[in-house]
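Chemist: Just passing along the structure, written as structure tokens.
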Amino acid sequence: MIVVSDTSAINNLASINQLDLLRQLYSNVVIPKAVYQELTETTFPVAGTTEVQTYDWISTSSVSNQLLVELLQNELDCGETEAIA
């Protein structure tokens, strides 16, 4: 099963030291590039930054359905948009 996560799930679980729950439930988690960027391209470290860069069970993927991304961007942020698409 492929599981795609947005930023909030990674950030919130990492902030309470429970990110491993995702690995226990799903073995592998895919995050879109926008989620990776939201967690790593900040002026200060946020919970989940190191984890998405180092955990081998979290992988980053590009979104293939750009039309859906464009349609959703008016309502959602980039990470949520790409996770849905």
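By convention here, the chains of the structure tokens are called A, B, ... in the order presented, each chain's residues are numbered starting at 1, and ligands are numbered starting at 1 in the order presented.
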Could you list, as a PyMOL selection string, every residue within 10 Å of Ser27 of chain A, counting only C-alpha atoms and ignoring same-chain residues fewer than 5 positions away?

Modeler: chain A and resi 1-3+20-22+57-58

Chemist: Got a sec to tell me which of segment 4-64 of chain A DSSP assigns to helix (DSSP H, G or I), as a ChimeraX atom specification?

Modeler: /A:7-15,20-26,33-40,49-54

Chemist: Compile the contact shell of Thr81 of chain A as a list in words: residues with an atom at most 9 Å away, counting only C-alpha atoms, same-chain residues fewer than 3 positions apart removed.

Modeler: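 Residues meeting the cut-off are Asp6, Ala34, Leu68, Val69, Glu70, Leu71, Leu72, Gln73, Glu75, Leu76, Asp77, Cys78, Ile84 and Ala85 of chain A.
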
Chemist: Keeping only C-alpha atoms, take the residues you just selected and write them out as a CSV table (one decimal), in the first residue's frame.

Modeler:
chain,number,residue,atom,x,y,z
A,6,ASP,CA,1.2,16.0,4.0
A,34,ALA,CA,6.3,20.4,-1.7
A,68,LEU,CA,-5.0,18.7,-10.4
A,69,VAL,CA,-2.3,20.7,-8.6
A,70,GLU,CA,-3.3,23.8,-10.4
A,71,LEU,CA,-7.0,23.3,-9.7
A,72,LEU,CA,-6.4,22.7,-5.9
A,73,GLN,CA,-3.9,25.5,-5.4
A,75,GLU,CA,-8.0,26.4,-2.0
A,76,LEU,CA,-5.0,24.6,-0.3
A,77,ASP,CA,-1.4,25.2,0.4
A,78,CYS,CA,1.3,23.5,-1.7
A,84,ILE,CA,-3.9,15.0,-2.7
A,85,ALA,CA,-2.8,15.1,-6.3

Chemist: May I ask which of the residues A:Gln18, A:Asn12, A:Thr60, A:Thr54 is the closest one to Val30 of chain A, counting only C-alpha atoms?

Modeler: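 Ranking A:Gln18, A:Asn12, A:Thr60, A:Thr54 by distance to Val30 of chain A, first place goes to A:Thr60.
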
Chemist: With distances taken over only C-alpha atoms, which of A:Glu80, A:Ile31, A:Glu41, A:Thr49 is nearest to Ser15 of chain A?

Modeler: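 Closest to Ser15 of chain A of all the choices is A:Thr49.
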
Chemist: Can you list every residue in chain A that DSSP puts in strand (DSSP E or B), as a CSV table (one decimal) with N, CA and C atoms, in the first residue's frame?

Modeler:
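For reference, out.csv as written:
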chain,number,residue,atom,x,y,z
A,4,VAL,N,0.6,8.4,1.3
A,4,VAL,CA,1.1,9.8,1.0
A,4,VAL,C,0.8,10.7,2.2
A,29,VAL,N,6.4,5.6,3.7
A,29,VAL,CA,5.6,6.8,3.5
A,29,VAL,C,6.2,7.6,2.4
A,30,VAL,N,5.4,8.1,1.5
A,30,VAL,CA,5.8,9.0,0.4
A,30,VAL,C,5.3,10.4,0.7
A,31,ILE,N,6.2,11.3,0.5
A,31,ILE,CA,5.8,12.7,0.6
A,31,ILE,C,6.1,13.4,-0.7
A,32,PRO,N,5.3,14.3,-1.1
A,32,PRO,CA,5.5,15.1,-2.3
A,32,PRO,C,6.7,16.1,-2.1
A,58,ILE,N,10.9,7.1,4.6
A,58,ILE,CA,10.2,8.2,4.1
A,58,ILE,C,10.9,8.6,2.7
A,59,SER,N,10.1,8.6,1.7
A,59,SER,CA,10.7,8.9,0.3
A,59,SER,C,9.9,10.1,-0.2
A,60,THR,N,10.6,10.8,-1.1
A,60,THR,CA,10.0,12.0,-1.8
A,60,THR,C,9.7,11.7,-3.2
A,61,SER,N,8.6,12.2,-3.7
A,61,SER,CA,8.2,11.9,-5.1
A,61,SER,C,7.6,13.1,-5.7

Chemist: Of the candidates A:Gln53, A:Gly79, A:Asn74, A:Ser64, which shows the shortest atom-to-atom distance to Glu38 of chain A, using only C-alpha atoms?

Modeler: A:Gly79

Chemist: Closest to Ala14 of chain A among A:Leu39, A:Asn65, A:Glu82, A:Ala47, using only C-alpha atoms?

Modeler: A:Ala47

Chemist: Between atom CA of Asn17 of chain A and atom CA of Lys33 of chain A, what is the distance in Å, rounded to a tenth?

Modeler: 22.9 Å

Chemist: For a test of reading the model, state the distance in Å between atom CA of Ala9 of chain A and atom CA of Asp56 of chain A, rounded to one decimal.

Modeler: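 A separation of 17.3 Å between them.
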
Chemist: One decimal, in Å: what's the spacing between atom CA of Gly48 of chain A and atom CA of Leu67 of chain A?

Modeler: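 Atom CA of Leu67 of chain A lies at a distance of 28.6 Å from atom CA of Gly48 of chain A.
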
Chemist: Would you please work out which residue, of A:Glu51, A:Leu13, A:Gln66, A:Leu19, is nearest to Tyr36 of chain A when using only C-alpha atoms?

Modeler: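 Counting only C-alpha atoms, the residue closest to Tyr36 of chain A is A:Glu51.
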
Chemist: Considering only C-alpha atoms, can you say which of A:Phe44, A:Gln24, A:Val35, A:Val52 comes closest to Ser8 of chain A?

Modeler: A:Val35
